[in-house]
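Source file: input21.tsv (TSV, C-alpha atoms)
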```
chain	number	residue	atom	x	y	z
A	1	MET	CA	97.07	84.81	129.73
A	2	ASN	CA	100.60	85.51	128.65
A	3	ASP	CA	103.74	86.44	130.51
A	4	ASN	CA	105.13	88.53	127.72
A	5	PRO	CA	103.21	91.82	127.61
A	6	LEU	CA	104.30	92.48	124.02
A	7	LEU	CA	102.70	89.24	122.85
A	8	ALA	CA	99.52	90.05	124.76
A	9	ILE	CA	99.41	93.56	123.27
A	10	PHE	CA	99.95	92.20	119.79
A	11	GLY	CA	97.35	89.46	120.11
A	12	TYR	CA	94.61	91.64	121.58
A	13	PHE	CA	95.01	94.58	119.23
A	14	ALA	CA	95.48	92.50	116.07
A	15	LEU	CA	92.23	90.68	116.84
A	16	LEU	CA	90.48	93.89	117.79
A	17	SER	CA	91.46	95.64	114.57
A	18	LEU	CA	89.40	93.13	112.59
A	19	PHE	CA	86.28	93.78	114.66
A	20	ALA	CA	86.53	97.56	114.69
A	21	VAL	CA	83.63	98.22	112.34
A	22	GLY	CA	83.05	101.95	112.48
A	23	GLY	CA	86.70	102.78	113.09
A	24	ALA	CA	88.72	103.41	116.21
A	25	ASN	CA	85.83	104.92	118.17
A	26	ALA	CA	83.87	101.68	117.93
A	27	ALA	CA	86.78	99.78	119.49
A	28	ILE	CA	87.08	101.96	122.62
A	29	PRO	CA	84.88	99.78	124.89
A	30	GLU	CA	86.87	96.65	124.05
A	31	MET	CA	90.18	98.47	124.58
A	32	HIS	CA	88.86	99.62	127.94
A	33	ARG	CA	87.64	96.14	128.85
A	34	ILE	CA	91.03	94.62	128.09
A	35	ALA	CA	93.36	97.36	129.36
A	36	VAL	CA	91.45	98.24	132.53
A	37	GLU	CA	89.24	95.28	133.50
A	38	VAL	CA	90.94	92.14	132.20
A	39	MET	CA	94.67	92.89	132.12
A	40	HIS	CA	94.74	95.71	134.71
A	41	TRP	CA	97.28	97.55	132.61
A	42	MET	CA	95.92	100.95	133.58
A	43	SER	CA	93.32	102.66	135.76
A	44	ASP	CA	90.00	104.06	134.57
A	45	ARG	CA	91.47	107.53	134.96
A	46	GLN	CA	94.58	106.72	132.92
A	47	PHE	CA	92.44	105.24	130.16
A	48	ALA	CA	90.27	108.35	130.02
A	49	ASP	CA	93.43	110.51	129.99
A	50	SER	CA	94.77	108.48	127.06
A	51	PHE	CA	91.59	109.09	125.12
A	52	ALA	CA	91.88	112.84	125.76
A	53	ILE	CA	95.56	112.92	124.72
A	54	ALA	CA	94.76	111.00	121.52
A	55	GLN	CA	92.02	113.52	120.74
A	56	LEU	CA	94.42	116.41	121.31
A	57	SER	CA	96.98	114.97	118.90
A	58	PRO	CA	96.73	115.45	115.15
A	59	GLY	CA	96.19	112.41	112.96
A	60	PRO	CA	93.87	109.42	113.18
A	61	ASN	CA	92.19	108.69	116.53
A	62	VAL	CA	93.43	105.12	116.44
A	63	ILE	CA	96.64	106.56	117.86
A	64	ILE	CA	95.19	105.88	121.35
A	65	VAL	CA	96.57	102.34	121.02
A	66	THR	CA	100.08	103.83	120.87
A	67	LEU	CA	99.49	105.46	124.26
A	68	ILE	CA	98.15	102.25	125.78
A	69	GLY	CA	101.07	100.29	124.34
A	70	TYR	CA	103.60	102.76	125.72
A	71	HIS	CA	101.97	102.65	129.12
A	72	VAL	CA	102.28	98.86	129.23
A	73	ALA	CA	105.69	98.25	127.69
A	74	GLY	CA	107.48	101.49	126.78
A	75	PHE	CA	108.65	102.24	123.25
A	76	ALA	CA	108.41	98.62	122.15
A	77	GLY	CA	104.85	98.46	123.45
A	78	ALA	CA	103.92	101.64	121.58
A	79	GLY	CA	105.29	100.24	118.32
A	80	VAL	CA	103.78	96.79	118.72
A	81	ALA	CA	100.32	98.15	119.61
A	82	THR	CA	100.30	100.49	116.61
A	83	VAL	CA	101.43	97.80	114.17
A	84	ALA	CA	98.96	95.26	115.58
A	85	MET	CA	96.01	97.66	115.38
A	86	CYS	CA	96.79	98.89	111.84
A	87	GLY	CA	98.52	95.90	110.23
A	88	PRO	CA	95.66	93.44	109.66
A	89	THR	CA	93.22	96.02	108.31
A	90	CYS	CA	95.92	97.60	106.14
A	91	LEU	CA	96.62	94.21	104.55
A	92	LEU	CA	92.88	93.74	104.04
A	93	SER	CA	92.65	97.18	102.45
A	94	PHE	CA	95.57	96.45	100.18
A	95	PHE	CA	94.06	93.28	98.78
A	96	ALA	CA	90.49	94.56	98.74
A	97	ALA	CA	91.61	97.60	96.72
A	98	ARG	CA	92.42	95.27	93.83
A	99	THR	CA	89.09	93.47	93.84
A	100	TRP	CA	86.74	96.26	94.94
A	101	ASP	CA	85.61	97.00	91.37
A	102	ARG	CA	84.33	93.45	91.07
A	103	PHE	CA	82.21	93.44	94.22
A	104	LYS	CA	81.36	97.05	95.01
A	105	ASP	CA	77.89	96.79	93.45
A	106	ALA	CA	77.20	93.20	94.53
A	107	PRO	CA	73.99	92.76	96.57
A	108	TRP	CA	75.86	90.89	99.31
A	109	ARG	CA	78.31	93.77	99.68
A	110	ILE	CA	75.43	96.23	100.10
A	111	ALA	CA	73.68	93.93	102.60
A	112	ILE	CA	76.86	93.60	104.67
A	113	GLN	CA	77.30	97.35	104.83
A	114	ALA	CA	73.63	98.02	105.61
A	115	GLY	CA	73.72	95.40	108.36
A	116	LEU	CA	76.92	96.68	109.94
A	117	VAL	CA	75.98	100.36	110.13
A	118	PRO	CA	73.58	99.90	113.09
A	119	VAL	CA	76.13	97.59	114.75
A	120	SER	CA	78.81	100.26	114.59
A	121	LEU	CA	76.36	102.92	115.80
A	122	GLY	CA	75.67	100.78	118.87
A	123	LEU	CA	79.40	100.28	119.43
A	124	ILE	CA	80.22	103.99	119.20
A	125	ALA	CA	77.36	104.74	121.61
A	126	ALA	CA	78.92	102.17	123.94
A	127	SER	CA	82.24	104.06	123.65
A	128	ALA	CA	80.56	107.26	124.75
A	129	PHE	CA	78.98	105.41	127.68
A	130	VAL	CA	82.22	103.80	128.83
A	131	LEU	CA	84.14	107.08	128.55
A	132	ALA	CA	81.46	109.06	130.37
A	133	ARG	CA	81.67	106.60	133.26
A	134	ALA	CA	85.44	106.98	133.38
A	135	ALA	CA	85.55	110.75	132.83
A	136	ASP	CA	82.58	112.12	134.71
A	137	LYS	CA	83.42	111.24	138.26
A	138	ASN	CA	81.45	114.13	139.72
A	139	ILE	CA	78.54	116.39	138.85
A	140	TYR	CA	80.76	119.23	137.60
A	141	ALA	CA	82.66	117.06	135.14
A	142	ALA	CA	79.32	115.68	133.95
A	143	LEU	CA	78.14	119.26	133.49
A	144	VAL	CA	81.17	120.06	131.31
A	145	THR	CA	80.38	116.98	129.22
A	146	ALA	CA	76.73	118.00	128.85
A	147	LEU	CA	77.68	121.55	127.86
A	148	THR	CA	80.14	120.22	125.27
A	149	VAL	CA	77.43	118.01	123.79
A	150	ALA	CA	75.20	121.06	123.37
A	151	VAL	CA	77.89	123.32	121.91
A	152	ALA	CA	79.24	120.64	119.55
A	153	SER	CA	75.76	119.73	118.34
A	154	PHE	CA	74.45	123.19	117.66
A	155	THR	CA	77.47	125.33	116.73
A	156	SER	CA	80.45	124.83	114.49
A	157	VAL	CA	83.07	125.92	116.98
A	158	ASN	CA	86.54	124.37	116.57
A	159	PRO	CA	86.86	121.46	119.01
A	160	LEU	CA	90.20	122.80	120.22
A	161	TRP	CA	88.29	125.62	121.94
A	162	LEU	CA	86.11	123.07	123.72
A	163	PHE	CA	89.20	121.19	124.90
A	164	ALA	CA	90.76	124.49	126.02
A	165	ALA	CA	87.63	125.47	127.93
A	166	GLY	CA	87.48	122.05	129.61
A	167	GLY	CA	91.17	122.24	130.49
A	168	ILE	CA	90.85	125.70	132.02
A	169	LEU	CA	87.81	124.69	134.06
A	170	GLY	CA	89.74	121.65	135.25
A	171	LEU	CA	92.76	123.78	136.13
A	172	SER	CA	90.59	126.19	138.09
A	173	GLY	CA	89.79	123.31	140.41
A	174	TRP	CA	86.07	123.14	139.76
A	175	LEU	CA	86.03	119.56	138.54
B	176	MET	CA	92.24	135.17	91.97
B	177	PRO	CA	92.96	132.08	89.86
B	178	GLU	CA	90.10	129.94	88.68
B	179	PRO	CA	89.44	127.18	91.22
B	180	ALA	CA	90.23	123.75	89.83
B	181	ASP	CA	87.21	121.90	88.52
B	182	PRO	CA	87.16	118.68	90.55
B	183	SER	CA	85.20	116.83	87.89
B	184	SER	CA	87.82	117.38	85.22
B	185	ALA	CA	90.28	114.67	84.26
B	186	ILE	CA	92.94	113.67	86.73
B	187	SER	CA	96.40	115.07	86.31
B	188	GLY	CA	99.31	112.67	86.23
B	189	MET	CA	100.61	110.19	88.76
B	190	PRO	CA	102.12	111.26	92.06
B	191	SER	CA	105.65	110.08	92.79
B	192	LEU	CA	106.34	108.16	96.00
B	193	GLY	CA	107.88	111.29	97.54
B	194	GLU	CA	104.79	113.34	96.69
B	195	LEU	CA	102.55	110.63	98.15
B	196	PHE	CA	104.49	110.66	101.38
B	197	ILE	CA	104.53	114.45	101.76
B	198	SER	CA	100.84	114.70	100.91
B	199	PHE	CA	99.80	112.27	103.61
B	200	VAL	CA	102.09	113.96	106.13
B	201	VAL	CA	100.23	117.20	105.38
B	202	VAL	CA	96.83	115.48	105.72
B	203	SER	CA	97.94	113.93	108.98
B	204	VAL	CA	99.21	117.06	110.73
B	205	SER	CA	96.40	119.25	109.44
B	206	GLY	CA	94.56	117.52	112.22
B	207	PHE	CA	91.52	119.31	113.47
B	208	GLY	CA	88.47	119.48	111.32
B	209	GLY	CA	89.06	115.83	110.49
B	210	ALA	CA	91.55	114.20	108.17
B	211	LEU	CA	88.90	113.34	105.59
B	212	PRO	CA	88.07	116.90	104.45
B	213	TRP	CA	91.80	117.58	104.18
B	214	ALA	CA	92.40	114.43	102.17
B	215	ARG	CA	89.58	115.33	99.82
B	216	ARG	CA	90.81	118.89	99.37
B	217	MET	CA	94.34	117.80	98.64
B	218	ILE	CA	93.62	114.82	96.38
B	219	VAL	CA	90.64	116.13	94.45
B	220	GLU	CA	91.01	119.91	94.41
B	221	GLN	CA	94.68	120.75	94.77
B	222	LYS	CA	96.57	117.84	93.20
B	223	ARG	CA	93.71	116.54	91.08
B	224	TRP	CA	94.88	112.97	91.40
B	225	MET	CA	91.31	111.72	91.52
B	226	THR	CA	87.89	112.96	90.50
B	227	THR	CA	85.29	113.45	93.24
B	228	GLU	CA	83.64	110.23	92.13
B	229	GLU	CA	86.84	108.20	92.29
B	230	PHE	CA	87.60	109.65	95.70
B	231	ASN	CA	84.16	108.76	97.05
B	232	GLU	CA	84.49	105.25	95.70
B	233	ALA	CA	87.91	104.70	97.29
B	234	PHE	CA	86.62	106.09	100.56
B	235	ALA	CA	83.55	103.84	100.43
B	236	LEU	CA	85.90	100.86	100.36
B	237	ALA	CA	87.89	102.24	103.31
B	238	GLN	CA	84.66	102.57	105.29
B	239	PHE	CA	83.42	99.14	104.30
B	240	LEU	CA	86.48	97.46	105.80
B	241	PRO	CA	87.05	97.20	109.55
B	242	GLY	CA	89.59	99.45	111.22
B	243	PRO	CA	90.29	103.18	111.08
B	244	ASN	CA	88.81	104.65	107.90
B	245	VAL	CA	91.52	107.17	107.14
B	246	VAL	CA	94.25	104.59	107.67
B	247	ASN	CA	92.49	102.19	105.30
B	248	PHE	CA	92.06	105.01	102.83
B	249	SER	CA	95.77	105.81	102.78
B	250	VAL	CA	96.49	102.19	101.84
B	251	VAL	CA	93.78	102.04	99.16
B	252	PHE	CA	94.93	105.33	97.66
B	253	GLY	CA	98.64	104.58	97.89
B	254	SER	CA	98.28	101.14	96.33
B	255	ARG	CA	96.32	102.54	93.41
B	256	PHE	CA	99.16	104.86	92.48
B	257	GLY	CA	102.24	102.97	93.56
B	258	GLY	CA	101.38	99.36	94.38
B	259	ALA	CA	102.76	97.98	97.62
B	260	ALA	CA	105.42	100.71	97.84
B	261	GLY	CA	102.80	103.41	97.35
B	262	ALA	CA	100.60	101.93	100.06
B	263	ALA	CA	103.52	101.73	102.48
B	264	VAL	CA	104.62	105.29	101.75
B	265	ALA	CA	101.12	106.78	102.13
B	266	LEU	CA	100.59	104.87	105.38
B	267	ALA	CA	103.98	106.00	106.72
B	268	GLY	CA	103.16	109.60	105.87
B	269	LEU	CA	99.80	109.40	107.62
B	270	MET	CA	100.96	107.58	110.76
B	271	GLY	CA	104.53	108.85	111.13
B	272	PRO	CA	104.02	112.36	112.51
B	273	PRO	CA	101.20	111.48	114.97
B	274	LEU	CA	103.21	108.47	116.12
B	275	VAL	CA	106.16	110.71	117.02
B	276	ILE	CA	103.96	113.38	118.64
B	277	VAL	CA	101.94	110.88	120.67
B	278	THR	CA	105.04	109.02	121.82
B	279	VAL	CA	106.49	112.28	123.13
B	280	LEU	CA	103.19	112.97	124.91
B	281	ALA	CA	103.21	109.43	126.33
B	282	VAL	CA	106.70	109.96	127.76
B	283	LEU	CA	105.61	113.27	129.28
B	284	TYR	CA	102.48	111.69	130.70
B	285	ALA	CA	104.48	108.86	132.26
B	286	GLN	CA	106.76	111.48	133.80
B	287	PHE	CA	104.23	114.07	134.94
B	288	GLY	CA	100.87	112.26	134.84
B	289	ASP	CA	100.79	112.12	138.62
B	290	LEU	CA	101.14	115.88	139.01
B	291	GLU	CA	97.93	117.16	140.50
B	292	ILE	CA	97.78	120.19	138.25
B	293	LEU	CA	98.08	118.11	135.07
B	294	GLY	CA	95.50	115.69	136.41
B	295	ARG	CA	93.04	118.53	136.88
B	296	ILE	CA	93.59	119.87	133.36
B	297	LEU	CA	93.19	116.41	131.84
B	298	THR	CA	90.00	115.83	133.83
B	299	GLY	CA	88.48	118.86	132.15
B	300	ILE	CA	89.73	117.95	128.68
B	301	THR	CA	88.48	114.37	129.03
B	302	ALA	CA	85.05	115.60	130.09
B	303	ALA	CA	84.94	117.79	126.95
B	304	ALA	CA	86.26	115.02	124.68
B	305	THR	CA	83.54	112.70	126.00
B	306	GLY	CA	80.95	115.34	125.22
B	307	LEU	CA	82.22	115.53	121.64
B	308	LEU	CA	81.84	111.79	121.22
B	309	ILE	CA	78.30	111.89	122.62
B	310	ALA	CA	77.48	114.63	120.10
B	311	VAL	CA	78.75	112.36	117.31
B	312	VAL	CA	76.55	109.52	118.55
B	313	GLY	CA	73.57	111.86	118.66
B	314	LYS	CA	74.23	113.02	115.14
B	315	MET	CA	74.44	109.43	113.88
B	316	ALA	CA	71.46	108.18	115.87
B	317	LEU	CA	69.04	110.98	115.07
B	318	PRO	CA	68.22	110.02	111.46
B	319	LEU	CA	67.83	106.37	112.48
B	320	PHE	CA	65.74	106.80	115.59
B	321	THR	CA	63.35	109.34	114.08
B	322	LYS	CA	62.37	106.75	111.45
B	323	ARG	CA	59.73	104.08	111.82
B	324	TRP	CA	61.16	101.38	114.07
B	325	SER	CA	62.48	98.29	112.41
B	326	TRP	CA	65.42	95.95	112.87
B	327	PRO	CA	68.27	98.52	112.57
B	328	GLN	CA	67.23	100.26	115.79
B	329	ALA	CA	66.99	96.90	117.59
B	330	ILE	CA	70.46	95.88	116.35
B	331	ALA	CA	71.98	99.20	117.45
B	332	ILE	CA	70.43	98.87	120.92
B	333	LEU	CA	71.55	95.25	121.28
B	334	ALA	CA	75.12	96.12	120.25
B	335	PHE	CA	75.15	98.95	122.78
B	336	ALA	CA	73.69	96.86	125.58
B	337	GLY	CA	75.96	93.89	124.95
B	338	VAL	CA	79.14	95.93	124.96
B	339	ALA	CA	78.37	98.83	127.31
B	340	ILE	CA	76.00	97.30	129.87
B	341	MET	CA	76.78	93.58	129.85
B	342	ARG	CA	80.47	94.24	129.10
B	343	TRP	CA	80.69	91.19	126.89
B	344	PRO	CA	83.82	90.94	124.70
B	345	LEU	CA	83.38	92.75	121.39
B	346	PRO	CA	84.32	89.72	119.23
B	347	TRP	CA	81.50	87.65	120.80
B	348	VAL	CA	78.92	90.37	120.42
B	349	PHE	CA	80.05	90.89	116.85
B	350	VAL	CA	80.04	87.23	115.87
B	351	VAL	CA	76.46	86.86	117.13
B	352	LEU	CA	74.97	90.18	116.03
B	353	ALA	CA	76.68	90.86	112.70
B	354	PRO	CA	75.38	87.77	110.83
B	355	VAL	CA	71.86	88.43	112.14
B	356	ALA	CA	72.06	92.08	111.08
B	357	VAL	CA	73.42	91.24	107.64
B	358	ALA	CA	70.76	88.56	107.12
B	359	LEU	CA	68.07	91.06	108.09
B	360	ALA	CA	69.55	93.62	105.71
B	361	TRP	CA	69.48	91.00	102.98
B	362	PHE	CA	65.92	89.77	103.46
B	363	LYS	CA	64.34	92.90	104.80
B	364	PRO	CA	66.20	95.90	103.43
B	365	ALA	CA	65.19	98.99	105.33
B	366	LYS	CA	64.08	101.46	102.72
B	367	LYS	CA	66.30	104.47	102.39
B	368	PHE	CA	68.03	103.71	105.64
B	369	PRO	CA	71.49	102.38	104.79
B	370	THR	CA	74.83	104.06	105.22
B	371	GLU	CA	74.00	106.95	102.95
B	372	ALA	CA	71.39	108.19	105.41
B	373	ILE	CA	73.96	108.47	108.15
B	374	LYS	CA	76.82	109.76	106.05
B	375	ALA	CA	74.68	112.45	104.48
B	376	THR	CA	73.83	114.01	107.81
B	377	LYS	CA	75.45	117.35	108.15
B	378	ALA	CA	78.37	117.22	110.52
B	379	THR	CA	79.43	120.19	112.58
B	380	LYS	CA	83.12	121.00	112.58
B	381	ALA	CA	83.44	119.58	116.06
B	382	THR	CA	81.77	116.28	115.35
B	383	GLU	CA	83.83	115.80	112.21
B	384	ALA	CA	87.07	116.08	114.14
B	385	ILE	CA	86.31	113.18	116.40
B	386	GLU	CA	85.42	110.88	113.52
B	387	ARG	CA	88.89	110.87	112.06
```

Show how you would write the structure in this file as structure tokens.
Amino acid sequence: MNDNPLLAIFGYFALLSLFAVGGANAAIPEMHRIAVEVMHWMSDRQFADSFAIAQLSPGPNVIIVTLIGYHVAGFAGAGVATVAMCGPTCLLSFFAARTWDRFKDAPWRIAIQAGLVPVSLGLIAASAFVLARAADKNIYAALVTALTVAVASFTSVNPLWLFAAGGILGLSGWL
Amino acid sequence: MPEPADPSSAISGMPSLGELFISFVVVSVSGFGGALPWARRMIVEQKRWMTTEEFNEAFALAQFLPGPNVVNFSVVFGSRFGGAAGAAVALAGLMGPPLVIVTVLAVLYAQFGDLEILGRILTGITAAATGLLIAVVGKMALPLFTKRWSWPQAIAILAFAGVAIMRWPLPWVFVVLAPVAVALAWFKPAKKFPTEAIKATKATKATEAIER
């Protein structure tokens, strides 16, 4: 598409940011499609690793784009990816904040939100699917995923413990 | 023990730009447990810059717009108290620390990502992180899929299939599905379904963290 990776990063992520209904998690499949399948910037494994590192870091999950950007084009790539992914929606937020009072109770606003909720649910489910395919390369990794689903759904344990348990199991060589 | 602040009482003063910045740095690095509960605690309970109602309203806007909710929220909140400068300062506070931390991690990963031992650890962490995301999906899907079937379930399944199975580009799937879904919501509002149903579901600590 483009010889300059910075331009490609900017274009893809700026566009993506406007379609990320449901937040960063809804945009994971498209990031994967572009970074792994279309542009061949990184492997499946590296993409899954980036997701894990972003989860381990404090702050908003959207920070995964910084990792992808760095992987492609170093510090400049990290900066460009972050600005592209946050810039358009931040501008939207800034201008919408001034007019929100006028349209927050409008029927069309409520219809848009009601219509988009199932769309974003489908997209986040797609994220889980894409990540499971990248992360669970064998039965033991899949087992760790399944156990985490159960623990996270039925207890209120801090997710850091789940990451720690997964990391230790991985280190032990079982996965 | 001092009386806890009454969140419904009047707001107290305007934060300065410096206070805005520091506050969002704190929200950002407080990390696990989700940024939203931290933002609410700081803004409504500790600083009393907004009432609970005002906070919910500002957050509803952040959710309504595309993109990361907490990032949008920082801009909405910052602009309310300090215009463009306030928005920029709140955003910088929220994104600055994680940007530095993640860049350091990216450098380390580029350096040592090939090490077998690190690869093994990350394999385990990724498997767990994927499990967390699946738990979030389950939590969101449960209230919808235990209801009588109507268009929202069909839309959710189509969005999933288009993106996950067919691997079509998100913008195409969105441009086709979103207008249909919004039209259906307009002409055939699903009773009691909308956003509130999903947002009201009780989140576990773990599932909250991944929704940041």

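Nearest residue to chain B among A:Gln113, A:Ser43, A:Asn138, A:Asn4 is A:Gln113, counting all atoms listed in the file.
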
Which of B:Ala360, B:Leu345, B:Glu229, B:Leu236 sits closest to Tyr12 in chain A [using all atoms listed in the file]: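 The shortest atom-to-atom distance to Tyr12 in chain A comes from B:Leu345.
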
ask   = Which residues of chain A are close to chain B, meaning at most 6 Å apart when you count only C-alpha atoms, and how do they look as an NGL selection string?
value = :A and (17-18 or 20-21 or 23-24 or 30 or 52 or 58-61 or 67 or 89-90 or 93-94 or 97 or 111-112 or 114-115 or 118-119 or 121-123 or 125-126 or 128 or 135 or 141 or 145 or 148-149 or 152-153 or 156 or 158-159 or 163 or 166-167 or 170-171)

- Item | Gap from CA of Thr82 in chain A to CA of Phe13 in chain A - Å, one decimal |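 CA of Phe13 in chain A lies 8.4 Å from CA of Thr82 in chain A.
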
task = Using all atoms listed in the file, determine which residues lie at most 12 Å from Gly11 in chain A, disregarding the query and same-chain residues fewer than 2 positions distant; provide the list as a list in words.
result = Met1, Asn2, Asn4, Pro5, Leu6, Leu7, Ala8, Ile9, Phe13, Ala14, Leu15, Leu16, Ser17, Leu18, Ile34, Val80, Ala81, Thr82, Val83, Ala84, Met85, Gly87 and Pro88 of chain A

(Q) Residues proximal to (104.6, 100.7, 130.4) were defined as those with any atom within 10 Å of that point in the file's coordinates, counting all atoms listed in the file. Which are they, as a PyMOL selection string? (A) (chain A and resi 5+41-42+67-78) or (chain B and resi 281-282+285)

> To one decimal place, how far is CA of Pro212 in chain B from CA of Lys104 in chain A in Å?
Replying inline: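 Interatomic distance, CA of Pro212 in chain B to CA of Lys104 in chain A: 23.0 Å.
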
Just give me the gap between CA of Phe199 in chain B and CA of Trp224 in chain B in Å, one decimal is fine.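 One can read the CA of Phe199 in chain B to CA of Trp224 in chain B distance as 13.2 Å.
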